[in-house]
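Shown here: upload.cif, mmCIF, C-alpha atoms.
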```cif
data_work
#
loop_
_atom_site.label_atom_id
_atom_site.label_comp_id
_atom_site.auth_asym_id
_atom_site.auth_seq_id
_atom_site.Cartn_x
_atom_site.Cartn_y
_atom_site.Cartn_z
CA MET I 4 -7.82 -19.02 1.80
CA ILE I 5 -6.83 -20.58 -1.51
CA PRO I 6 -7.81 -18.76 -4.68
CA SER I 7 -9.04 -20.64 -7.72
CA SER I 8 -6.46 -21.82 -10.25
CA PHE I 9 -4.89 -19.58 -12.84
CA GLU I 10 -2.10 -19.58 -15.33
CA TYR I 11 0.68 -17.11 -14.61
CA HIS I 12 2.37 -14.83 -17.14
CA ARG I 13 5.24 -12.43 -16.61
CA PRO I 14 5.68 -10.47 -19.86
CA SER I 15 8.83 -8.40 -20.26
CA ASP I 16 7.33 -5.55 -22.23
CA LEU I 17 4.05 -3.67 -22.54
CA ALA I 18 3.22 -4.98 -26.03
CA ALA I 19 3.43 -8.57 -24.76
CA ALA I 20 1.26 -7.71 -21.75
CA ILE I 21 -1.41 -6.11 -23.95
CA GLY I 22 -1.16 -9.10 -26.31
CA LEU I 23 -1.94 -11.46 -23.42
CA LEU I 24 -4.98 -9.41 -22.43
CA ALA I 25 -6.18 -9.36 -26.05
CA GLU I 26 -5.66 -13.13 -26.35
CA HIS I 27 -7.43 -14.11 -23.14
CA GLY I 28 -10.13 -11.41 -23.01
CA ASP I 29 -12.07 -11.14 -19.77
CA GLU I 30 -10.48 -14.36 -18.46
CA ALA I 31 -7.27 -12.39 -17.90
CA ARG I 32 -6.43 -9.88 -15.22
CA VAL I 33 -3.43 -7.69 -14.63
CA ILE I 34 -1.63 -7.98 -11.30
CA ALA I 35 0.63 -5.19 -10.02
CA GLY I 36 1.51 -5.42 -6.32
CA GLY I 37 -1.49 -7.68 -5.74
CA HIS I 38 -2.43 -6.13 -2.41
CA SER I 39 -6.01 -5.44 -3.47
CA LEU I 40 -6.37 -8.32 -5.93
CA ILE I 41 -4.87 -11.20 -3.92
CA PRO I 42 -7.12 -10.67 -0.87
CA LEU I 43 -10.15 -10.60 -3.19
CA MET I 44 -8.95 -13.72 -5.02
CA LYS I 45 -8.40 -15.53 -1.71
CA MET I 46 -12.01 -14.83 -0.75
CA ARG I 47 -13.02 -15.83 -4.30
CA MET I 48 -14.64 -12.45 -4.80
CA ALA I 49 -12.36 -11.99 -7.82
CA GLY I 50 -11.03 -14.57 -10.19
CA ALA I 51 -8.99 -14.89 -13.33
CA THR I 52 -7.82 -17.86 -15.32
CA HIS I 53 -4.84 -15.90 -16.60
CA LEU I 54 -2.89 -13.56 -14.38
CA VAL I 55 -0.60 -11.08 -16.16
CA ASP I 56 2.09 -9.85 -13.76
CA LEU I 57 3.51 -6.43 -14.68
CA GLN I 58 6.64 -6.66 -12.47
CA GLY I 59 8.86 -7.17 -15.54
CA LEU I 60 7.86 -3.83 -17.07
CA GLY I 61 10.65 -1.53 -15.91
CA ASP I 62 9.26 1.52 -17.73
CA LEU I 63 6.30 1.49 -15.39
CA LYS I 64 8.60 1.92 -12.37
CA ARG I 65 9.67 5.44 -13.27
CA ILE I 66 8.86 8.75 -11.56
CA THR I 67 9.73 11.94 -13.45
CA VAL I 68 9.40 15.40 -11.96
CA SER I 69 9.81 18.62 -13.93
CA ALA I 70 8.29 22.08 -14.00
CA ASP I 71 6.16 20.99 -16.98
CA GLY I 72 4.65 18.03 -15.29
CA ILE I 73 4.93 14.99 -13.09
CA SER I 74 4.64 11.42 -14.29
CA ILE I 75 4.31 8.39 -12.01
CA GLY I 76 4.56 4.92 -13.51
CA ALA I 77 1.78 2.54 -12.51
CA MET I 78 4.21 0.03 -10.94
CA VAL I 79 5.73 2.54 -8.51
CA THR I 80 5.02 1.23 -5.01
CA GLN I 81 3.69 3.39 -2.19
CA ALA I 82 7.07 2.97 -0.45
CA GLU I 83 8.94 4.15 -3.56
CA LEU I 84 6.59 7.11 -3.88
CA ILE I 85 7.24 8.05 -0.24
CA ALA I 86 11.02 7.69 -0.65
CA HIS I 87 11.28 9.89 -3.78
CA GLU I 88 12.66 13.23 -2.56
CA GLY I 89 11.99 15.10 -5.82
CA LEU I 90 8.36 14.04 -5.81
CA ALA I 91 7.95 14.87 -2.12
CA ALA I 92 9.35 18.36 -2.74
CA ALA I 93 7.07 18.96 -5.74
CA VAL I 94 3.91 17.29 -4.32
CA PRO I 95 4.16 16.94 -0.55
CA LEU I 96 0.44 16.04 -0.53
CA LEU I 97 1.22 12.60 -1.94
CA ARG I 98 3.86 11.67 0.64
CA GLU I 99 1.61 12.91 3.47
CA ALA I 100 -1.22 10.72 2.15
CA ALA I 101 0.81 7.63 1.24
CA LEU I 102 2.23 7.46 4.77
CA GLN I 103 -1.37 6.99 5.94
CA ILE I 104 -1.99 4.02 3.62
CA ALA I 105 -1.87 0.52 5.11
CA ASP I 106 1.41 -0.50 6.81
CA PRO I 107 5.11 -0.76 5.82
CA GLN I 108 4.92 -4.28 4.37
CA VAL I 109 1.83 -3.47 2.31
CA ARG I 110 3.36 -0.20 1.06
CA ASN I 111 6.41 -2.18 -0.10
CA LEU I 112 4.32 -4.11 -2.63
CA GLY I 113 1.13 -2.10 -3.15
CA THR I 114 1.43 0.15 -6.20
CA VAL I 115 0.07 3.56 -7.08
CA GLY I 116 -1.26 2.19 -10.38
CA GLY I 117 -3.11 -0.65 -8.69
CA ASN I 118 -4.53 1.75 -6.14
CA VAL I 119 -6.00 4.05 -8.80
CA ALA I 120 -6.96 1.41 -11.39
CA ASN I 121 -8.77 -0.99 -9.09
CA GLY I 122 -11.74 1.29 -8.46
CA ASP I 123 -12.10 0.33 -4.80
CA PRO I 124 -13.88 3.24 -3.09
CA GLY I 125 -11.66 2.68 -0.03
CA ASN I 126 -8.42 3.39 -1.88
CA ASP I 127 -6.85 6.77 -1.14
CA MET I 128 -5.06 7.55 -4.41
CA PRO I 129 -8.19 8.00 -6.58
CA GLY I 130 -9.44 10.96 -4.52
CA LEU I 131 -5.94 12.41 -4.34
CA MET I 132 -5.57 12.19 -8.12
CA GLN I 133 -8.94 13.89 -8.57
CA CYS I 134 -7.81 16.63 -6.19
CA LEU I 135 -4.62 17.06 -8.27
CA GLY I 136 -6.55 17.02 -11.56
CA ALA I 137 -4.44 14.09 -12.79
CA THR I 138 -4.78 12.23 -16.06
CA PHE I 139 -4.45 8.44 -16.42
CA THR I 140 -2.84 6.94 -19.52
CA LEU I 141 -4.43 3.71 -20.73
CA GLU I 142 -2.66 1.49 -23.27
CA GLY I 143 -4.56 -1.10 -25.24
CA PRO I 144 -4.49 -2.96 -28.55
CA ASP I 145 -5.66 0.18 -30.39
CA GLY I 146 -3.02 2.43 -28.84
CA SER I 147 -2.98 4.92 -26.04
CA ARG I 148 -5.61 7.26 -24.60
CA ASP I 149 -5.82 9.62 -21.67
CA VAL I 150 -8.71 9.80 -19.21
CA ALA I 151 -9.10 12.46 -16.51
CA ALA I 152 -9.12 11.06 -12.97
CA ARG I 153 -12.30 13.07 -12.39
CA GLU I 154 -14.01 11.08 -15.18
CA PHE I 155 -12.44 7.66 -14.60
CA TYR I 156 -14.63 6.23 -11.82
CA HIS I 157 -18.13 5.04 -12.69
CA GLY I 158 -18.96 2.85 -9.67
CA ALA I 159 -17.34 0.52 -7.17
CA TYR I 160 -14.72 -1.41 -9.18
CA VAL I 161 -16.20 -0.01 -12.41
CA THR I 162 -13.94 2.40 -14.27
CA ALA I 163 -13.35 3.83 -17.75
CA ARG I 164 -10.62 1.23 -18.33
CA ALA I 165 -11.56 -1.52 -20.79
CA ASP I 166 -10.66 -5.16 -20.02
CA ASP I 167 -7.88 -5.16 -22.63
CA GLU I 168 -6.31 -1.90 -21.42
CA ILE I 169 -3.51 -1.34 -18.92
CA LEU I 170 -3.23 1.83 -16.86
CA THR I 171 0.45 2.72 -17.37
CA HIS I 172 1.05 6.27 -16.14
CA ILE I 173 -0.43 9.03 -14.01
CA ARG I 174 0.35 12.59 -15.03
CA PHE I 175 -0.42 15.99 -13.52
CA ALA I 176 0.91 19.53 -13.26
CA PRO I 177 2.87 20.28 -10.07
CA PRO I 178 0.42 21.90 -7.66
CA ALA I 179 1.05 25.29 -6.05
CA GLY I 180 0.04 26.51 -2.60
CA GLY I 181 -1.01 24.68 0.52
CA TYR I 182 -2.07 21.05 0.88
CA ALA I 183 -3.40 18.55 3.39
CA TYR I 184 -4.69 14.99 3.58
CA GLU I 185 -6.77 14.20 6.64
CA LYS I 186 -7.83 10.59 7.15
CA GLN I 187 -9.83 9.06 9.97
CA LYS I 188 -9.44 5.30 10.30
CA ARG I 189 -10.22 2.77 12.99
CA LYS I 190 -6.74 1.28 13.09
CA ILE I 191 -3.48 1.07 11.15
CA GLY I 192 -4.09 -0.63 7.84
CA ASP I 193 -7.78 0.19 7.69
CA TYR I 194 -9.47 2.08 4.92
CA ALA I 195 -10.74 5.55 5.74
CA THR I 196 -13.97 6.08 7.62
CA ALA I 197 -13.66 9.43 5.87
CA ALA I 198 -10.74 11.27 4.30
CA ALA I 199 -10.30 14.68 2.73
CA ALA I 200 -7.69 15.95 0.26
CA VAL I 201 -7.35 19.70 -0.09
CA LEU I 202 -5.15 21.91 -2.26
CA LEU I 203 -5.50 25.66 -2.13
CA THR I 204 -3.67 28.77 -3.28
CA ARG I 205 -3.59 32.13 -1.52
CA ASN I 206 -3.70 35.66 -2.83
CA GLY I 207 -2.93 37.83 0.21
CA GLY I 208 -5.70 37.15 2.72
CA THR I 209 -7.95 35.50 0.15
CA VAL I 210 -8.23 31.97 -1.22
CA ALA I 211 -7.36 32.20 -4.92
CA SER I 212 -8.35 28.64 -5.82
CA ALA I 213 -9.22 25.40 -4.04
CA SER I 214 -9.62 21.73 -4.93
CA VAL I 215 -11.40 19.30 -2.59
CA ALA I 216 -11.76 15.52 -2.90
CA MET I 217 -13.21 12.99 -0.47
CA THR I 218 -12.42 9.28 -0.02
CA ASN I 219 -14.67 6.32 0.90
CA LEU I 220 -17.83 8.39 1.17
CA SER I 221 -19.55 7.12 -1.97
CA ASP I 222 -19.05 4.20 -4.37
CA VAL I 223 -16.59 6.46 -6.22
CA PRO I 224 -14.17 9.14 -5.04
CA VAL I 225 -15.87 12.52 -4.81
CA TRP I 226 -14.25 15.65 -6.22
CA SER I 227 -16.45 18.38 -4.81
CA GLN I 228 -16.35 21.30 -7.20
CA ALA I 229 -18.93 23.13 -5.06
CA ALA I 230 -16.73 22.86 -1.95
CA GLY I 231 -13.78 24.32 -3.87
CA GLU I 232 -15.95 27.14 -5.16
CA ALA I 233 -17.22 27.89 -1.65
CA LEU I 234 -13.64 28.51 -0.56
CA ALA I 235 -12.44 30.46 -3.60
CA GLY I 236 -12.53 34.21 -2.99
CA SER I 237 -13.18 33.76 0.75
CA ASP I 238 -10.93 34.62 3.70
CA CYS I 239 -10.91 30.92 4.66
CA GLY I 240 -12.54 31.85 7.96
CA ASP I 241 -15.05 29.79 9.96
CA GLU I 242 -17.97 30.79 7.78
CA ALA I 243 -16.19 29.87 4.55
CA VAL I 244 -15.14 26.50 6.00
CA ARG I 245 -18.75 25.84 7.08
CA SER I 246 -19.98 26.66 3.56
CA ALA I 247 -17.39 24.33 2.02
CA VAL I 248 -18.36 21.51 4.39
CA THR I 249 -22.07 22.03 3.62
CA ALA I 250 -21.33 21.95 -0.11
CA MET I 251 -19.21 18.77 0.25
CA LEU I 252 -21.93 17.05 2.31
CA ALA I 253 -24.35 17.55 -0.59
CA ASP I 254 -21.94 15.69 -2.90
CA ILE I 255 -21.16 12.58 -0.83
CA ASP I 256 -23.33 9.50 -0.39
CA PRO I 257 -21.86 7.27 2.33
CA GLN I 258 -23.44 3.90 3.15
CA GLN I 259 -23.72 2.27 6.54
CA ASP I 260 -21.16 -0.48 7.13
CA ASN I 261 -18.81 -1.74 9.85
CA ARG I 262 -17.17 1.71 9.93
CA GLY I 263 -20.39 3.24 11.20
CA PRO I 264 -23.85 4.56 10.33
CA VAL I 265 -24.41 7.22 7.68
CA GLU I 266 -24.82 10.06 10.23
CA PHE I 267 -21.46 9.26 11.80
CA LYS I 268 -19.68 9.11 8.45
CA ARG I 269 -21.14 12.47 7.43
CA HIS I 270 -20.02 13.93 10.74
CA VAL I 271 -16.49 12.57 10.33
CA ALA I 272 -16.36 13.77 6.72
CA GLY I 273 -17.11 17.30 7.90
CA VAL I 274 -14.46 17.15 10.61
CA MET I 275 -11.84 15.80 8.19
CA LEU I 276 -12.57 18.46 5.60
CA ALA I 277 -12.52 21.32 8.11
CA ARG I 278 -9.16 20.11 9.45
CA ALA I 279 -7.73 19.66 5.96
CA ILE I 280 -8.80 23.14 4.87
CA SER I 281 -7.32 24.71 7.98
CA ARG I 282 -4.01 22.90 7.59
CA ALA I 283 -3.78 23.56 3.83
CA TRP I 284 -4.48 27.26 4.46
CA SER I 285 -1.74 27.42 7.11
CA ARG I 286 0.69 26.03 4.51
CA ALA I 287 -0.48 28.18 1.57
CA MET R 7 -6.47 -27.41 -12.71
CA ALA R 8 -3.57 -25.25 -13.71
CA LYS R 9 -0.24 -26.86 -14.39
CA LYS R 10 2.50 -26.62 -11.83
CA MET R 11 5.39 -24.36 -12.68
CA GLN R 12 8.99 -24.48 -11.66
CA VAL R 13 9.91 -21.70 -9.28
CA THR R 14 13.40 -20.83 -8.14
CA LEU R 15 13.82 -19.09 -4.80
CA THR R 16 16.98 -18.17 -2.95
CA VAL R 17 16.04 -18.76 0.67
CA ASN R 18 18.50 -17.77 3.38
CA GLY R 19 21.33 -17.91 0.83
CA GLU R 20 20.44 -21.32 -0.57
CA THR R 21 18.95 -21.80 -4.05
CA ARG R 22 15.80 -23.92 -3.92
CA ASP R 23 13.76 -25.18 -6.86
CA VAL R 24 10.14 -26.10 -6.25
CA LEU R 25 7.21 -27.19 -8.36
CA ALA R 26 4.09 -25.30 -7.41
CA GLU R 27 0.79 -24.13 -8.75
CA PRO R 28 1.07 -20.38 -9.42
CA ARG R 29 -1.76 -19.74 -6.94
CA GLU R 30 0.22 -21.21 -4.05
CA LEU R 31 1.01 -18.52 -1.51
CA LEU R 32 4.67 -17.92 -0.70
CA ILE R 33 4.04 -18.65 2.99
CA HIS R 34 2.68 -22.10 2.11
CA THR R 35 5.65 -22.88 -0.15
CA LEU R 36 8.10 -21.87 2.56
CA ARG R 37 6.38 -23.82 5.32
CA GLU R 38 5.02 -26.87 3.53
CA GLN R 39 7.40 -27.47 0.65
CA LEU R 40 10.66 -26.19 2.12
CA GLY R 41 10.03 -26.92 5.81
CA ILE R 42 10.88 -23.36 6.79
CA THR R 43 8.38 -22.90 9.61
CA GLY R 44 9.78 -19.78 11.27
CA PRO R 45 7.39 -17.44 9.43
CA HIS R 46 3.94 -18.15 10.84
CA ILE R 47 0.43 -18.07 9.43
CA GLY R 48 -1.56 -15.81 11.73
CA CYS R 49 -4.50 -14.13 10.01
CA GLU R 50 -3.68 -15.02 6.40
CA THR R 51 -5.39 -11.74 5.45
CA THR R 52 -2.44 -9.27 5.28
CA HIS R 53 -3.15 -7.83 8.71
CA CYS R 54 -1.03 -9.46 11.39
CA GLY R 55 2.48 -9.66 9.93
CA ALA R 56 3.33 -13.05 11.51
CA CYS R 57 4.31 -14.28 8.02
CA THR R 58 6.72 -11.39 7.39
CA VAL R 59 9.80 -12.30 5.37
CA ASP R 60 12.42 -10.25 3.58
CA MET R 61 11.97 -10.40 -0.21
CA ASN R 62 14.55 -8.70 -2.42
CA GLY R 63 15.53 -6.44 0.46
CA LYS R 64 12.02 -5.42 1.49
CA SER R 65 9.72 -6.62 4.26
CA VAL R 66 6.65 -8.32 2.82
CA LYS R 67 3.76 -10.41 4.10
CA ALA R 68 4.28 -13.87 2.60
CA CYS R 69 0.55 -14.64 2.82
CA THR R 70 -0.09 -11.98 0.18
CA VAL R 71 2.44 -13.02 -2.46
CA PHE R 72 1.77 -15.77 -5.00
CA VAL R 73 4.79 -18.04 -5.26
CA ALA R 74 4.77 -17.31 -9.00
CA GLN R 75 5.37 -13.62 -8.27
CA ALA R 76 8.33 -14.58 -6.09
CA ASP R 77 10.01 -16.64 -8.84
CA GLY R 78 13.66 -15.51 -8.89
CA ALA R 79 13.42 -13.69 -5.56
CA ASP R 80 15.95 -13.57 -2.74
CA ILE R 81 14.21 -14.37 0.53
CA THR R 82 15.38 -14.17 4.12
CA THR R 83 13.35 -15.63 6.98
CA ILE R 84 13.98 -15.68 10.73
CA GLU R 85 16.03 -18.86 10.16
CA GLY R 86 18.47 -16.77 8.12
CA LEU R 87 19.03 -14.22 10.88
CA GLY R 88 20.20 -16.39 13.76
CA ASN R 89 20.04 -19.82 15.39
CA PRO R 90 20.08 -21.15 18.95
CA ASP R 91 23.90 -21.30 18.94
CA GLY R 92 24.31 -17.81 17.54
CA LEU R 93 21.40 -15.52 18.23
CA HIS R 94 21.01 -12.30 16.29
CA VAL R 95 21.31 -9.16 18.44
CA LEU R 96 17.57 -8.59 17.95
CA GLN R 97 16.83 -12.10 19.23
CA GLU R 98 19.05 -11.51 22.26
CA MET R 99 17.36 -8.19 22.99
CA PHE R 100 13.86 -9.66 22.63
CA ARG R 101 14.90 -12.23 25.27
CA GLU R 102 16.62 -9.66 27.47
CA HIS R 103 13.70 -7.19 27.42
CA HIS R 104 10.95 -9.80 27.47
CA GLY R 105 9.73 -8.69 24.04
CA LEU R 106 7.51 -11.73 23.71
CA GLN R 107 5.05 -13.74 25.71
CA CYS R 108 3.49 -16.52 23.65
CA GLY R 109 6.06 -15.99 20.88
CA PHE R 110 3.74 -16.51 17.93
CA CYS R 111 4.32 -13.08 16.39
CA THR R 112 8.03 -12.99 17.24
CA PRO R 113 9.56 -14.36 14.01
CA GLY R 114 7.63 -11.80 11.97
CA MET R 115 8.45 -9.05 14.48
CA ILE R 116 12.17 -9.75 14.39
CA THR R 117 12.34 -10.22 10.63
CA ARG R 118 10.58 -6.87 10.18
CA ALA R 119 12.70 -5.17 12.85
CA HIS R 120 15.86 -6.44 11.13
CA ARG R 121 14.91 -4.69 7.88
CA LEU R 122 13.72 -1.59 9.76
CA LEU R 123 17.15 -1.21 11.41
CA ILE R 124 18.88 -1.54 8.04
CA GLU R 125 16.63 1.18 6.61
CA ASN R 126 16.95 3.36 9.71
CA PRO R 127 19.84 2.30 11.98
CA ASN R 128 19.10 4.88 14.65
CA PRO R 129 15.31 5.17 14.96
CA THR R 130 13.36 7.14 17.54
CA GLU R 131 10.71 5.32 19.55
CA GLU R 132 8.05 6.87 17.32
CA GLU R 133 9.84 5.65 14.19
CA VAL R 134 10.04 2.13 15.63
CA ARG R 135 6.30 2.16 16.36
CA PHE R 136 5.50 3.48 12.88
CA GLY R 137 7.91 1.04 11.21
CA MET R 138 6.47 -1.93 13.12
CA ALA R 139 2.85 -0.98 12.45
CA GLY R 140 2.32 -3.95 10.14
CA ASN R 141 3.01 -6.49 12.90
CA LEU R 142 0.45 -7.29 15.56
CA CYS R 143 1.12 -8.79 18.98
CA ARG R 144 -1.84 -9.78 21.15
CA CYS R 145 0.22 -10.35 24.33
CA THR R 146 2.80 -7.71 25.09
CA GLY R 147 1.14 -4.36 24.55
CA TYR R 148 4.23 -3.60 22.43
CA GLN R 149 6.19 -1.78 25.16
CA ASN R 150 8.85 -4.43 25.48
CA ILE R 151 9.01 -5.08 21.75
CA VAL R 152 9.80 -1.41 21.18
CA LYS R 153 12.35 -1.48 24.03
CA ALA R 154 14.02 -4.57 22.55
CA ILE R 155 14.31 -3.03 19.10
CA LEU R 156 15.71 0.25 20.46
CA ALA R 157 18.21 -1.71 22.57
CA ALA R 158 19.25 -3.77 19.55
CA ALA R 159 19.75 -0.60 17.49
CA SER R 160 21.91 0.85 20.21
CA GLN R 161 24.02 -2.33 20.49
CA MET R 162 24.44 -2.63 16.75
CA ASN R 163 25.51 1.00 16.49
CA GLN R 164 28.03 0.60 19.33
CA LYS R 165 29.42 -2.52 17.73
CA GLU R 166 29.77 -0.73 14.41
CA ALA R 167 31.48 2.26 16.07
CA ALA R 168 33.96 -0.06 17.78
CA GLU R 169 34.89 -1.78 14.52
#
```
What does the file become when written as structure tokens?
Amino acid sequence: MIPSSFEYHRPSDLAAAIGLLAEHGDEARVIAGGHSLIPLMKMRMAGATHLVDLQGLGDLKRITVSADGISIGAMVTQAELIAHEGLAAAVPLLREAALQIADPQVRNLGTVGGNVANGDPGNDMPGLMQCLGATFTLEGPDGSRDVAAREFYHGAYVTARADDEILTHIRFAPPAGGYAYEKQKRKIGDYATAAAAVLLTRNGGTVASASVAMTNLSDVPVWSQAAGEALAGSDCGDEAVRSAVTAMLADIDPQQDNRGPVEFKRHVAGVMLARAISRAWSRA
Amino acid sequence: MAKKMQVTLTVNGETRDVLAEPRELLIHTLREQLGITGPHIGCETTHCGACTVDMNGKSVKACTVFVAQADGADITTIEGLGNPDGLHVLQEMFREHHGLQCGFCTPGMITRAHRLLIENPNPTEEEVRFGMAGNLCRCTGYQNIVKAILAAASQMNQKEAAE
């Protein structure tokens, strides 16, 4: 389990990090917590001759929470995200979900930025960020640009980020209403067989708005606009939940693997979404 | 072949300089270069937790850290917690409650439990199980590991109250 050789860099600011990526082109890769990249490098499914470690970039460790918006630095670990009381109060969805990611040791090093930037369909944060309508900030040699989480993922490990860009921050408006993240997995530390993120707001006995995203049920995270629309304006009763599940099932495209055949994954996806809707509604 | 780099680690309070290729995994540096063989290599794929060490005050799996990333880090292994002449309370409680059978996972278990009890000195059984979820044992069924950790927490709290 030895990866191929690389040269190691630990820049102390963002400009130096971007400079290293510009200098070494596609031979360079950024490493955050390394808990997706190192396993791939050990199996030689990923390689880099220059590894640019972002641990020296303190600005990327910051979480800011205000009524105007929330910003999470890419180098914030899952454990730091869970421990941040202000963030948990403003976006309880994220703490609920992060506690279901991997195990304590992995959460101590695995970062939110790595989780969203990597483009692994099994990662939980991409779907959550699509559910929240988040925006990712990318910094490169030509400056900074923002890309919506809902437009960032093009395929497994293929994203809108260019090789010489670094995903530095995740930003979104604080969500209102009820929330839930439901994840079915075979064991602690496993990726989801299926997972559902739901946010919804209530107006009396009616759903005012809903956002639904699914994890590990396609080669990209799936934000199901149709499922959200099926819930909006409904009483969130059995029939509305069934319509939302039907709409979601039309948007996902799971593949058979060691987590089960396609039929099973579609079944679990439906169960996860129905549970998430019901729990989000009870909290709205 | 990449050049070796000088890496400085503080391991169990002692500063150690090593020359290593950046791709060397921290667990290999500890075991093969520094002779610190308490942390074990179980799965080497981030699952089992046998290689758990404390790095800068956090439990990590040393099979999933490049030694280059650990340059400058403060590391504690099972060797830093106790020794045969002076066992740590957790080690005593693992013995007392039969929290091990073959013993392979035990250094990682105890190193993780040590940090868990610093983070949460008075955990419930559920919190112990959740906090130990990154460490696998194929012998015990976990019952006695959980008992040992709860007993250690209780002893440590009593000792602190008496002081």
Check what the PyMOL selection byres ((chain I and resi 19-33) around 8) selects in the file above and give those residues as a VMD selection string.
chain I and resid 14 to 18 34 to 35 51 to 57 142 to 144 166 to 169
Atoms to include: C-alpha atoms. Write the selected residues as a PDB file, in the frame of the given file.
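To be explicit, this is the file written out as selection.pdb:
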```
ATOM      1  CA  PRO I  14       5.680 -10.470 -19.860  1.00  0.00           C
ATOM      2  CA  SER I  15       8.830  -8.400 -20.260  1.00  0.00           C
ATOM      3  CA  ASP I  16       7.330  -5.550 -22.230  1.00  0.00           C
ATOM      4  CA  LEU I  17       4.050  -3.670 -22.540  1.00  0.00           C
ATOM      5  CA  ALA I  18       3.220  -4.980 -26.030  1.00  0.00           C
ATOM      6  CA  ILE I  34      -1.630  -7.980 -11.300  1.00  0.00           C
ATOM      7  CA  ALA I  35       0.630  -5.190 -10.020  1.00  0.00           C
ATOM      8  CA  ALA I  51      -8.990 -14.890 -13.330  1.00  0.00           C
ATOM      9  CA  THR I  52      -7.820 -17.860 -15.320  1.00  0.00           C
ATOM     10  CA  HIS I  53      -4.840 -15.900 -16.600  1.00  0.00           C
ATOM     11  CA  LEU I  54      -2.890 -13.560 -14.380  1.00  0.00           C
ATOM     12  CA  VAL I  55      -0.600 -11.080 -16.160  1.00  0.00           C
ATOM     13  CA  ASP I  56       2.090  -9.850 -13.760  1.00  0.00           C
ATOM     14  CA  LEU I  57       3.510  -6.430 -14.680  1.00  0.00           C
ATOM     15  CA  GLU I 142      -2.660   1.490 -23.270  1.00  0.00           C
ATOM     16  CA  GLY I 143      -4.560  -1.100 -25.240  1.00  0.00           C
ATOM     17  CA  PRO I 144      -4.490  -2.960 -28.550  1.00  0.00           C
ATOM     18  CA  ASP I 166     -10.660  -5.160 -20.020  1.00  0.00           C
ATOM     19  CA  ASP I 167      -7.880  -5.160 -22.630  1.00  0.00           C
ATOM     20  CA  GLU I 168      -6.310  -1.900 -21.420  1.00  0.00           C
ATOM     21  CA  ILE I 169      -3.510  -1.340 -18.920  1.00  0.00           C
TER      22      ILE I 169
END
```
Take the PyMOL selection byres ((chain I and resi 203) around 8), run it mentally on this structure, and tell me the resulting residues as JSON, numbers by chain.
{"I": [179, 180, 181, 182, 201, 202, 204, 205, 210, 211, 212, 213, 214, 283, 284, 287]}
Could you list the residues chosen by the PyMOL selection byres ((chain I and resi 249) around 12) in this structure as a ChimeraX atom specification?
/I:227,229-234,242-248,250-255,269-270,272-274,276-277
List every residue of chain R that has an atom at most 8 Å from any atom of chain I, and for each one report the closest atom pair and its distance in Å to one decimal, counting all atoms listed in the file, with rows sorted by chain and then by increasing residue number, as a Markdown table.
```
| residue | atom | partner | partner_atom | distance |
| --- | --- | --- | --- | --- |
| R:Met7 | CA | I:Ser8 | CA | 6.1 |
| R:Ala8 | CA | I:Ser8 | CA | 5.7 |
| R:Lys9 | CA | I:Glu10 | CA | 7.6 |
| R:Glu27 | CA | I:Ser8 | CA | 7.8 |
| R:Pro28 | CA | I:Tyr11 | CA | 6.1 |
| R:Arg29 | CA | I:Ser8 | CA | 6.1 |
| R:Glu30 | CA | I:Ile5 | CA | 7.5 |
| R:Glu50 | CA | I:Met4 | CA | 7.4 |
| R:Thr51 | CA | I:Pro42 | CA | 6.6 |
| R:Thr52 | CA | I:Val109 | CA | 7.8 |
| R:His53 | CA | I:Gly192 | CA | 7.3 |
| R:Thr58 | CA | I:Gln108 | CA | 7.9 |
| R:Lys64 | CA | I:Asn111 | CA | 6.7 |
| R:Ser65 | CA | I:Gln108 | CA | 5.3 |
| R:Val66 | CA | I:Gln108 | CA | 4.7 |
| R:Lys67 | CA | I:Gln108 | CA | 6.2 |
| R:Thr70 | CA | I:Ile41 | CA | 6.3 |
| R:Val71 | CA | I:Gly37 | CA | 7.4 |
| R:Ala74 | CA | I:Tyr11 | CA | 6.9 |
| R:Gln75 | CA | I:Asp56 | CA | 7.4 |
| R:Gly137 | CA | I:Pro107 | CA | 6.3 |
| R:Met138 | CA | I:Pro107 | CA | 7.5 |
| R:Ala139 | CA | I:Asp106 | CA | 5.8 |
| R:Gly140 | CA | I:Asp106 | CA | 4.9 |
```
Find, counting all atoms listed in the file, the residue in I:Arg278, I:Ala100, I:Trp226, I:Leu170 that gets nearest to I:Glu154.
I:Trp226
What is the distance between atom CA of I:Leu220 and atom CA of I:Gln103, in Å to one decimal?
17.2 Å
Can you work out which one of I:Val94, I:Ala152, I:Val79, I:Leu63 has the shortest atom-to-atom distance to I:Val223, counting all atoms listed in the file?
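The answer is I:Ala152, which sits nearest to I:Val223.
Our summary of the geometry notes that atom CA of I:Thr209 is positioned 17.8 Å from atom CA of I:Pro178.
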Env of I:Thr218: 8 Å cut, atoms = all atoms listed in the file, seq-sep filter 6 positions within chain, self excluded. Answer as a PyMOL selection string.
chain I and resi 124-127+129-130+195+197-199+224-225
Please produce a file of the residues just selected, as an mmCIF file, in the coordinates of the input, where the atoms kept are C-alpha atoms.
```cif
data_model
loop_
_atom_site.group_PDB
_atom_site.id
_atom_site.type_symbol
_atom_site.label_atom_id
_atom_site.label_comp_id
_atom_site.auth_asym_id
_atom_site.auth_seq_id
_atom_site.Cartn_x
_atom_site.Cartn_y
_atom_site.Cartn_z
ATOM 1 C CA PRO I 124 -13.880 3.240 -3.090
ATOM 2 C CA GLY I 125 -11.660 2.680 -0.030
ATOM 3 C CA ASN I 126 -8.420 3.390 -1.880
ATOM 4 C CA ASP I 127 -6.850 6.770 -1.140
ATOM 5 C CA PRO I 129 -8.190 8.000 -6.580
ATOM 6 C CA GLY I 130 -9.440 10.960 -4.520
ATOM 7 C CA ALA I 195 -10.740 5.550 5.740
ATOM 8 C CA ALA I 197 -13.660 9.430 5.870
ATOM 9 C CA ALA I 198 -10.740 11.270 4.300
ATOM 10 C CA ALA I 199 -10.300 14.680 2.730
ATOM 11 C CA PRO I 224 -14.170 9.140 -5.040
ATOM 12 C CA VAL I 225 -15.870 12.520 -4.810
#
```
